[in-house]
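Pasting work37.pdb here (PDB, C-alpha atoms, pLDDT in the B column):
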ATOM      1  CA  MET A  10     -86.294  12.174  20.109  1.00 96.00           C
ATOM      2  CA  LYS A  11     -87.938  14.689  17.824  1.00 98.00           C
ATOM      3  CA  THR A  12     -85.811  17.557  16.511  1.00 98.00           C
ATOM      4  CA  GLN A  13     -86.412  20.727  14.564  1.00 98.00           C
ATOM      5  CA  PHE A  14     -84.479  23.765  13.397  1.00 98.00           C
ATOM      6  CA  ILE A  15     -86.651  26.821  14.063  1.00 98.00           C
ATOM      7  CA  GLU A  16     -86.376  29.260  11.153  1.00 97.00           C
ATOM      8  CA  GLN A  17     -87.538  32.328  13.069  1.00 97.00           C
ATOM      9  CA  GLU A  18     -84.951  34.339  14.967  1.00 98.00           C
ATOM     10  CA  ILE A  19     -85.402  34.015  18.733  1.00 98.00           C
ATOM     11  CA  LYS A  20     -83.621  36.020  21.416  1.00 98.00           C
ATOM     12  CA  TYR A  21     -82.639  33.582  24.156  1.00 98.00           C
ATOM     13  CA  GLU A  22     -83.133  35.159  27.579  1.00 97.00           C
ATOM     14  CA  GLY A  23     -83.134  32.131  29.871  1.00 95.00           C
ATOM     15  CA  TRP A  24     -86.865  31.979  30.613  1.00 96.00           C
ATOM     16  CA  GLN A  25     -87.294  29.681  27.597  1.00 97.00           C
ATOM     17  CA  LEU A  26     -85.611  26.941  29.629  1.00 97.00           C
ATOM     18  CA  SER A  27     -88.946  25.911  31.106  1.00 97.00           C
ATOM     19  CA  PRO A  28     -91.229  22.857  31.020  1.00 97.00           C
ATOM     20  CA  HIS A  29     -93.123  22.359  27.767  1.00 98.00           C
ATOM     21  CA  TRP A  30     -91.666  25.479  26.098  1.00 98.00           C
ATOM     22  CA  ILE A  31     -90.957  23.403  22.983  1.00 98.00           C
ATOM     23  CA  TYR A  32     -94.421  21.808  23.014  1.00 98.00           C
ATOM     24  CA  LYS A  33     -96.306  25.061  23.650  1.00 98.00           C
ATOM     25  CA  ASN A  34     -94.416  27.041  21.011  1.00 98.00           C
ATOM     26  CA  PHE A  35     -93.685  24.476  18.280  1.00 98.00           C
ATOM     27  CA  LYS A  36     -96.206  21.656  18.942  1.00 98.00           C
ATOM     28  CA  ILE A  37     -93.448  19.074  19.423  1.00 98.00           C
ATOM     29  CA  GLN A  38     -94.563  16.779  22.242  1.00 98.00           C
ATOM     30  CA  GLY A  39     -92.310  14.456  24.226  1.00 98.00           C
ATOM     31  CA  ASP A  40     -88.528  14.199  24.179  1.00 98.00           C
ATOM     32  CA  ALA A  41     -87.375  16.920  21.835  1.00 98.00           C
ATOM     33  CA  ALA A  42     -84.519  19.194  20.868  1.00 98.00           C
ATOM     34  CA  VAL A  43     -84.793  22.399  18.872  1.00 98.00           C
ATOM     35  CA  ALA A  44     -82.203  24.810  17.530  1.00 98.00           C
ATOM     36  CA  PHE A  45     -82.527  28.468  16.597  1.00 98.00           C
ATOM     37  CA  ILE A  46     -80.413  31.543  15.947  1.00 98.00           C
ATOM     38  CA  GLY A  47     -80.636  34.841  17.765  1.00 98.00           C
ATOM     39  CA  GLU A  48     -79.125  37.201  20.263  1.00 97.00           C
ATOM     40  CA  CYS A  49     -78.501  35.736  23.716  1.00 95.00           C
ATOM     41  CA  GLU A  50     -78.859  37.853  26.839  1.00 94.00           C
ATOM     42  CA  VAL A  51     -79.375  36.037  30.124  1.00 94.00           C
ATOM     43  CA  LYS A  52     -79.550  38.409  33.069  1.00 91.00           C
ATOM     44  CA  LEU A  53     -78.741  37.223  36.573  1.00 88.00           C
ATOM     45  CA  THR A  54     -82.450  37.123  37.475  1.00 88.00           C
ATOM     46  CA  GLU A  55     -83.027  34.436  34.803  1.00 89.00           C
ATOM     47  CA  MET A  56     -79.857  32.431  35.522  1.00 87.00           C
ATOM     48  CA  VAL A  57     -80.184  28.744  36.339  1.00 91.00           C
ATOM     49  CA  ASP A  58     -76.463  28.343  37.077  1.00 88.00           C
ATOM     50  CA  ILE A  59     -76.069  29.508  40.693  1.00 90.00           C
ATOM     51  CA  GLU A  60     -72.276  29.694  40.288  1.00 88.00           C
ATOM     52  CA  ASP A  61     -72.719  32.317  37.538  1.00 86.00           C
ATOM     53  CA  VAL A  62     -75.088  34.273  39.791  1.00 87.00           C
ATOM     54  CA  ILE A  63     -72.638  34.199  42.714  1.00 88.00           C
ATOM     55  CA  ASN A  64     -69.814  35.306  40.402  1.00 88.00           C
ATOM     56  CA  ASN A  65     -72.002  38.031  38.840  1.00 87.00           C
ATOM     57  CA  GLU A  66     -71.493  36.603  35.325  1.00 84.00           C
ATOM     58  CA  PRO A  67     -74.457  37.301  33.051  1.00 86.00           C
ATOM     59  CA  ILE A  68     -74.366  35.817  29.539  1.00 91.00           C
ATOM     60  CA  TYR A  69     -74.382  37.813  26.322  1.00 92.00           C
ATOM     61  CA  SER A  70     -73.819  37.013  22.666  1.00 93.00           C
ATOM     62  CA  LYS A  71     -74.704  39.231  19.729  1.00 94.00           C
ATOM     63  CA  SER A  72     -75.561  36.119  17.722  1.00 97.00           C
ATOM     64  CA  MET A  73     -75.814  32.580  19.056  1.00 98.00           C
ATOM     65  CA  LEU A  74     -76.926  29.175  17.831  1.00 98.00           C
ATOM     66  CA  SER A  75     -79.051  27.864  20.704  1.00 98.00           C
ATOM     67  CA  PHE A  76     -80.145  24.304  21.358  1.00 98.00           C
ATOM     68  CA  ILE A  77     -82.928  23.624  23.850  1.00 98.00           C
ATOM     69  CA  SER A  78     -83.851  20.077  24.766  1.00 98.00           C
ATOM     70  CA  GLU A  79     -86.542  18.744  27.047  1.00 98.00           C
ATOM     71  CA  GLN A  80     -86.409  15.078  28.000  1.00 98.00           C
ATOM     72  CA  PHE A  81     -88.784  13.166  30.243  1.00 98.00           C
ATOM     73  CA  ASN A  82     -88.415  10.247  32.657  1.00 96.00           C
ATOM     74  CA  VAL A  83     -84.755  10.908  33.457  1.00 96.00           C
ATOM     75  CA  GLY A  84     -83.109  12.320  36.575  1.00 97.00           C
ATOM     76  CA  LEU A  85     -80.829  15.321  36.828  1.00 97.00           C
ATOM     77  CA  VAL A  86     -77.581  13.327  36.850  1.00 98.00           C
ATOM     78  CA  GLU A  87     -78.611  11.536  33.639  1.00 97.00           C
ATOM     79  CA  GLY A  88     -79.642  14.935  32.277  1.00 98.00           C
ATOM     80  CA  VAL A  89     -76.139  16.256  32.900  1.00 98.00           C
ATOM     81  CA  PHE A  90     -74.724  13.158  31.142  1.00 98.00           C
ATOM     82  CA  ARG A  91     -76.990  13.941  28.174  1.00 98.00           C
ATOM     83  CA  GLN A  92     -75.863  17.586  28.245  1.00 98.00           C
ATOM     84  CA  ARG A  93     -72.213  16.465  28.157  1.00 98.00           C
ATOM     85  CA  LEU A  94     -73.039  14.093  25.291  1.00 98.00           C
ATOM     86  CA  LEU A  95     -74.438  17.040  23.323  1.00 98.00           C
ATOM     87  CA  ILE A  96     -71.262  19.011  24.019  1.00 98.00           C
ATOM     88  CA  CYS A  97     -69.113  16.080  22.815  1.00 98.00           C
ATOM     89  CA  ILE A  98     -71.200  15.771  19.628  1.00 98.00           C
ATOM     90  CA  ILE A  99     -70.648  19.491  18.921  1.00 98.00           C
ATOM     91  CA  LYS A 100     -66.915  19.052  19.579  1.00 98.00           C
ATOM     92  CA  GLU A 101     -66.758  16.092  17.181  1.00 98.00           C
ATOM     93  CA  ALA A 102     -68.591  18.040  14.454  1.00 98.00           C
ATOM     94  CA  LEU A 103     -66.125  20.927  14.757  1.00 98.00           C
ATOM     95  CA  GLU A 104     -63.085  18.643  14.856  1.00 98.00           C
ATOM     96  CA  LYS A 105     -64.384  16.872  11.739  1.00 97.00           C
ATOM     97  CA  ARG A 106     -64.110  20.277  10.052  1.00 97.00           C
ATOM     98  CA  GLY A 107     -60.461  20.542  11.108  1.00 97.00           C
ATOM     99  CA  PHE A 108     -60.713  22.737  14.211  1.00 98.00           C
ATOM    100  CA  LEU A 109     -58.788  22.020  17.401  1.00 98.00           C
ATOM    101  CA  ILE A 110     -61.430  22.303  20.122  1.00 98.00           C
ATOM    102  CA  THR A 111     -60.821  21.805  23.826  1.00 98.00           C
ATOM    103  CA  ARG A 112     -63.471  20.801  26.330  1.00 98.00           C
ATOM    104  CA  ASN A 113     -63.596  21.596  30.024  1.00 97.00           C
ATOM    105  CA  GLY A 114     -66.709  20.014  31.519  1.00 96.00           C
ATOM    106  CA  ASP A 115     -69.649  21.439  29.598  1.00 96.00           C
ATOM    107  CA  ASP A 116     -67.653  24.262  27.966  1.00 96.00           C
ATOM    108  CA  LEU A 117     -65.934  24.238  24.570  1.00 98.00           C
ATOM    109  CA  PHE A 118     -63.025  26.511  23.667  1.00 98.00           C
ATOM    110  CA  TYR A 119     -61.366  27.447  20.391  1.00 98.00           C
ATOM    111  CA  ASP A 120     -57.936  29.080  20.511  1.00 96.00           C
ATOM    112  CA  GLY A 121     -58.308  29.458  24.290  1.00 96.00           C
ATOM    113  CA  LYS A 122     -61.520  31.482  23.907  1.00 97.00           C
ATOM    114  CA  LYS A 123     -64.953  30.342  25.070  1.00 96.00           C
ATOM    115  CA  LEU A 124     -67.161  29.056  22.271  1.00 97.00           C
ATOM    116  CA  THR A 125     -70.181  27.726  24.194  1.00 97.00           C
ATOM    117  CA  VAL A 126     -72.437  28.131  27.181  1.00 96.00           C
ATOM    118  CA  SER A 127     -74.428  25.219  28.545  1.00 97.00           C
ATOM    119  CA  ILE A 128     -76.626  24.229  31.463  1.00 97.00           C
ATOM    120  CA  ALA A 129     -78.804  21.298  32.438  1.00 98.00           C
ATOM    121  CA  THR A 130     -81.513  21.553  35.060  1.00 97.00           C
ATOM    122  CA  LYS A 131     -84.551  19.668  36.291  1.00 97.00           C
ATOM    123  CA  SER A 132     -88.155  20.774  36.151  1.00 96.00           C
ATOM    124  CA  VAL A 133     -90.986  19.066  38.008  1.00 95.00           C
ATOM    125  CA  ASN A 134     -91.410  16.547  35.177  1.00 95.00           C
ATOM    126  CA  SER A 135     -88.374  16.722  32.867  1.00 98.00           C
ATOM    127  CA  ILE A 136     -84.783  17.695  32.433  1.00 98.00           C
ATOM    128  CA  LEU A 137     -84.018  20.790  30.423  1.00 98.00           C
ATOM    129  CA  ILE A 138     -80.814  21.568  28.548  1.00 98.00           C
ATOM    130  CA  HIS A 139     -79.668  24.784  26.907  1.00 98.00           C
ATOM    131  CA  THR A 140     -76.461  24.867  24.928  1.00 98.00           C
ATOM    132  CA  GLY A 141     -75.464  27.948  23.000  1.00 98.00           C
ATOM    133  CA  ILE A 142     -72.645  28.327  20.502  1.00 98.00           C
ATOM    134  CA  ASN A 143     -71.469  31.835  19.701  1.00 97.00           C
ATOM    135  CA  ILE A 144     -71.836  32.742  16.045  1.00 98.00           C
ATOM    136  CA  ASP A 145     -70.447  36.267  16.409  1.00 95.00           C
ATOM    137  CA  SER A 146     -68.229  36.773  19.454  1.00 89.00           C
ATOM    138  CA  ALA A 147     -68.258  40.594  19.373  1.00 89.00           C
ATOM    139  CA  GLY A 148     -69.472  42.117  22.635  1.00 87.00           C
ATOM    140  CA  ALA A 149     -69.224  38.946  24.731  1.00 88.00           C
ATOM    141  CA  PRO A 150     -68.355  39.644  28.397  1.00 87.00           C
ATOM    142  CA  VAL A 151     -65.513  37.069  28.274  1.00 90.00           C
ATOM    143  CA  LYS A 152     -62.840  36.190  25.720  1.00 93.00           C
ATOM    144  CA  ALA A 153     -64.991  34.357  23.198  1.00 94.00           C
ATOM    145  CA  SER A 154     -64.836  32.758  19.778  1.00 96.00           C
ATOM    146  CA  GLY A 155     -67.650  32.288  17.291  1.00 97.00           C
ATOM    147  CA  LEU A 156     -68.689  29.877  14.558  1.00 97.00           C
ATOM    148  CA  SER A 157     -68.669  32.565  11.867  1.00 96.00           C
ATOM    149  CA  SER A 158     -66.424  35.263  13.349  1.00 92.00           C
ATOM    150  CA  GLU A 159     -63.448  32.978  14.140  1.00 95.00           C
ATOM    151  CA  LEU A 160     -64.138  29.554  12.616  1.00 96.00           C
ATOM    152  CA  GLY A 161     -65.584  30.690   9.287  1.00 96.00           C
ATOM    153  CA  ILE A 162     -68.687  28.487   9.515  1.00 97.00           C
ATOM    154  CA  TYR A 163     -71.483  30.381   7.810  1.00 97.00           C
ATOM    155  CA  ASP A 164     -74.107  27.722   7.035  1.00 98.00           C
ATOM    156  CA  ILE A 165     -75.403  27.659  10.591  1.00 98.00           C
ATOM    157  CA  LYS A 166     -78.629  25.811   9.738  1.00 98.00           C
ATOM    158  CA  GLU A 167     -76.692  22.933   8.149  1.00 98.00           C
ATOM    159  CA  PHE A 168     -74.410  22.754  11.199  1.00 98.00           C
ATOM    160  CA  ALA A 169     -77.396  22.843  13.577  1.00 98.00           C
ATOM    161  CA  ASP A 170     -79.215  20.103  11.665  1.00 98.00           C
ATOM    162  CA  GLU A 171     -76.117  17.893  11.844  1.00 98.00           C
ATOM    163  CA  ILE A 172     -75.908  18.359  15.616  1.00 98.00           C
ATOM    164  CA  LEU A 173     -79.643  17.748  16.121  1.00 98.00           C
ATOM    165  CA  ASN A 174     -79.571  14.580  13.998  1.00 98.00           C
ATOM    166  CA  ASN A 175     -76.433  13.182  15.630  1.00 98.00           C
ATOM    167  CA  TYR A 176     -77.738  13.912  19.134  1.00 98.00           C
ATOM    168  CA  SER A 177     -81.139  12.341  18.467  1.00 98.00           C
ATOM    169  CA  GLU A 178     -79.563   9.254  16.884  1.00 98.00           C
ATOM    170  CA  GLU A 179     -77.109   8.841  19.779  1.00 98.00           C
ATOM    171  CA  ILE A 180     -79.838   9.064  22.436  1.00 97.00           C
ATOM    172  CA  SER A 181     -82.018   6.607  20.489  1.00 96.00           C
ATOM    173  CA  ASP A 182     -79.086   4.229  20.023  1.00 97.00           C
ATOM    174  CA  ILE A 183     -78.255   4.339  23.749  1.00 96.00           C
ATOM    175  CA  ILE A 184     -81.845   3.501  24.650  1.00 95.00           C
ATOM    176  CA  LEU A 185     -81.947   0.709  22.052  1.00 96.00           C
ATOM    177  CA  ALA A 186     -78.618  -0.692  23.293  1.00 96.00           C
ATOM    178  CA  SER A 187     -80.113  -0.976  26.772  1.00 94.00           C
ATOM    179  CA  THR A 188     -82.784  -3.326  25.427  1.00 95.00           C
ATOM    180  CA  LYS A 189     -80.480  -5.909  23.869  1.00 94.00           C
ATOM    181  CA  VAL A 190     -78.690  -7.194  26.923  1.00 93.00           C
ATOM    182  CA  ARG A 191     -79.592 -10.029  29.251  1.00 91.00           C
ATOM    183  CA  GLY A 192     -79.722  -9.178  32.946  1.00 90.00           C
ATOM    184  CA  VAL A 193     -77.235 -10.940  35.233  1.00 94.00           C
TER
END
How does this structure look as structure tokens?
Amino acid sequence: MKTQFIEQEIKYEGWQLSPHWIYKNFKIQGDAAVAFIGECEVKLTEMVDIEDVINNEPIYSKSMLSFISEQFNVGLVEGVFRQRLLICIIKEALEKRGFLITRNGDDLFYDGKKLTVSIATKSVNSILIHTGINIDSAGAPVKASGLSSELGIYDIKEFADEILNNYSEEISDIILASTKVRGV
């Protein structure tokens, strides 16, 4: 899987979770994951999570570290597994830094406050994942924590690169592991 931290600030509005967005905008073809920093404002009209739409829960973060991944030749259930793997890798990276993080499904919490948003969906030819980690929790519509505002993590690019590398290596290792066994 190819990965890249995008230096330009990008406001995530939900529509970016679409087939070939990474390829069209950053010329990264195939299985890929990118990360970027920017405001996050997903209105109900752009929501993929029907539960959030039903509950009238739009998403907002003044500053968020967003990860978008597009992966081909996998079904939606495997896509959700891969989304959860990404969440667990983020949790591990934060716990390595000494933070007590709790996970409920695809959500991470610090001190009882929501740290992440995440969704996995299927397009006509791929699965798409967005995971966002609050950097600054001010103005969030729920009780939220942030990487910088509560956890004191300020080198966001270094953190993002660690997550991208660990995620890519884990996916590659899983695929490689599947090739070393004899069928029974």
>> Quick check, in Å to one decimal: how far apart do atom CA of A:Lys52 and atom CA of A:Ala149 lie?
In response: 13.3 Å
>> Using all atoms listed in the file for the distances, tell me which of A:Asp182, A:Asp58, A:Glu66, A:Leu85 is nearest to A:Val133.
In response: A:Leu85
>> Report, in Å to a single decimal, how far apart atom CA of A:Leu185 and atom CA of A:Cys97 are.
In response: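 So the answer is 20.0 Å.
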> Restricting the calculation to all atoms listed in the file, which member of A:Phe81, A:Tyr163, A:Phe76, A:Phe168 is positioned closest to A:Thr125?
Replying inline: A:Phe76
> Taking only C-alpha atoms into account, which of A:Gly161, A:Ser78, A:Leu95, A:Gly84 comes nearest A:Phe108?
Replying inline: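 Checking each candidate against A:Phe108, we get A:Gly161 as the closest.
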> Given the file above and the PyMOL selection byres ((chain A and resi 20) around 8), which residues are selected, and can you give them as a VMD selection string?
Replying inline: chain A and resid 18 to 19 21 to 22 46 to 50
> Hey, which of A:Thr188, A:Ser127, A:Ser70, A:Asn174 ends up closest to A:Ile144? Count all atoms listed in the file.
Replying inline: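 For A:Ile144, the nearest of the given residues is A:Ser70.
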> What separation in Å, quoted to one decimal, exists between atom CA of A:Asp164 and atom CA of A:Lys122?
Replying inline: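 It comes out at 21.4 Å.
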> Which one of A:Ile183, A:Ser72, A:Lys36, A:Met10 sits closest to A:Gly148 if you count all atoms listed in the file?
Replying inline: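 Going through A:Ile183, A:Ser72, A:Lys36, A:Met10 one by one, the smallest distance to A:Gly148 is for A:Ser72.
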> Hey, what comes out of the PyMOL selection byres ((chain A and resi 30) around 12) on this file? Could you write it as number ranges by chain?
Replying inline: A: 23-29, 31-43, 77-80, 132, 135, 137-138
>> When you look at A:Glu167 with a cut-off of 12 Å (counting all atoms listed in the file), what residues show up, excluding the ones that are within fewer than 2 positions of it in the same chain? I need them as a ChimeraX atom specification.
In response: /A:13-14,16,44-45,74,102,162-165,169-174
Those residues you just picked out, can you put them in a file as an mmCIF file, keeping the file's coordinate frame with C-alpha atoms?
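selection_23.cif was written with the following content:
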data_model
loop_
_atom_site.group_PDB
_atom_site.id
_atom_site.type_symbol
_atom_site.label_atom_id
_atom_site.label_comp_id
_atom_site.auth_asym_id
_atom_site.auth_seq_id
_atom_site.Cartn_x
_atom_site.Cartn_y
_atom_site.Cartn_z
ATOM 1 C CA GLN A 13 -86.412 20.727 14.564
ATOM 2 C CA PHE A 14 -84.479 23.765 13.397
ATOM 3 C CA GLU A 16 -86.376 29.260 11.153
ATOM 4 C CA ALA A 44 -82.203 24.810 17.530
ATOM 5 C CA PHE A 45 -82.527 28.468 16.597
ATOM 6 C CA LEU A 74 -76.926 29.175 17.831
ATOM 7 C CA ALA A 102 -68.591 18.040 14.454
ATOM 8 C CA ILE A 162 -68.687 28.487 9.515
ATOM 9 C CA TYR A 163 -71.483 30.381 7.810
ATOM 10 C CA ASP A 164 -74.107 27.722 7.035
ATOM 11 C CA ILE A 165 -75.403 27.659 10.591
ATOM 12 C CA ALA A 169 -77.396 22.843 13.577
ATOM 13 C CA ASP A 170 -79.215 20.103 11.665
ATOM 14 C CA GLU A 171 -76.117 17.893 11.844
ATOM 15 C CA ILE A 172 -75.908 18.359 15.616
ATOM 16 C CA LEU A 173 -79.643 17.748 16.121
ATOM 17 C CA ASN A 174 -79.571 14.580 13.998
#
>> Under the PyMOL selection byres ((chain A and resi 112) around 12), which residues of this model are included? Write them out as an MDAnalysis selection string.
In response: chainID A and resid 93:101 103:104 109:111 113:126
Can I get C-alpha atoms for stretch 132-177 of chain A, as a compact mmCIF listing (two decimals), in the first residue's frame?
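Listing of out-v4.txt after writing:
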# COMPACT_ATOMS: atom_id res chain seq x y z
CA SER A 132 -17.76 2.21 -3.82
CA VAL A 133 -18.42 0.40 -7.09
CA ASN A 134 -14.80 -0.79 -7.25
CA SER A 135 -13.15 -0.25 -3.85
CA ILE A 136 -13.59 0.24 -0.16
CA LEU A 137 -13.06 3.70 1.24
CA ILE A 138 -12.06 4.60 4.79
CA HIS A 139 -11.97 7.97 6.51
CA THR A 140 -10.60 8.28 10.01
CA GLY A 141 -10.17 11.65 11.63
CA ILE A 142 -8.40 12.49 14.87
CA ASN A 143 -9.19 15.81 16.50
CA ILE A 144 -6.16 18.05 16.87
CA ASP A 145 -8.05 20.92 18.51
CA SER A 146 -11.30 19.91 20.20
CA ALA A 147 -12.72 23.44 20.55
CA GLY A 148 -16.14 23.81 18.93
CA ALA A 149 -16.84 20.09 18.50
CA PRO A 150 -20.56 19.23 18.77
CA VAL A 151 -19.80 16.47 21.33
CA LYS A 152 -17.46 16.20 24.31
CA ALA A 153 -14.18 15.80 22.47
CA SER A 154 -10.45 15.58 23.07
CA GLY A 155 -7.65 16.51 20.71
CA LEU A 156 -4.08 15.49 19.94
CA SER A 157 -2.68 18.94 20.70
CA SER A 158 -5.37 20.51 22.90
CA GLU A 159 -5.57 17.65 25.45
CA LEU A 160 -2.76 15.20 24.71
CA GLY A 161 0.01 17.70 23.99
CA ILE A 162 1.06 16.09 20.70
CA TYR A 163 2.22 18.89 18.45
CA ASP A 164 4.30 17.16 15.75
CA ILE A 165 1.24 15.99 13.85
CA LYS A 166 3.15 15.12 10.66
CA GLU A 167 5.48 12.77 12.56
CA PHE A 168 2.49 11.12 14.24
CA ALA A 169 0.66 10.79 10.90
CA ASP A 170 3.70 9.28 9.19
CA GLU A 171 4.02 6.70 11.98
CA ILE A 172 0.37 5.69 11.57
CA LEU A 173 0.62 5.53 7.76
CA ASN A 174 3.78 3.41 7.90
CA ASN A 175 2.45 1.03 10.55
CA TYR A 176 -0.87 0.60 8.72
CA SER A 177 0.78 -0.05 5.36
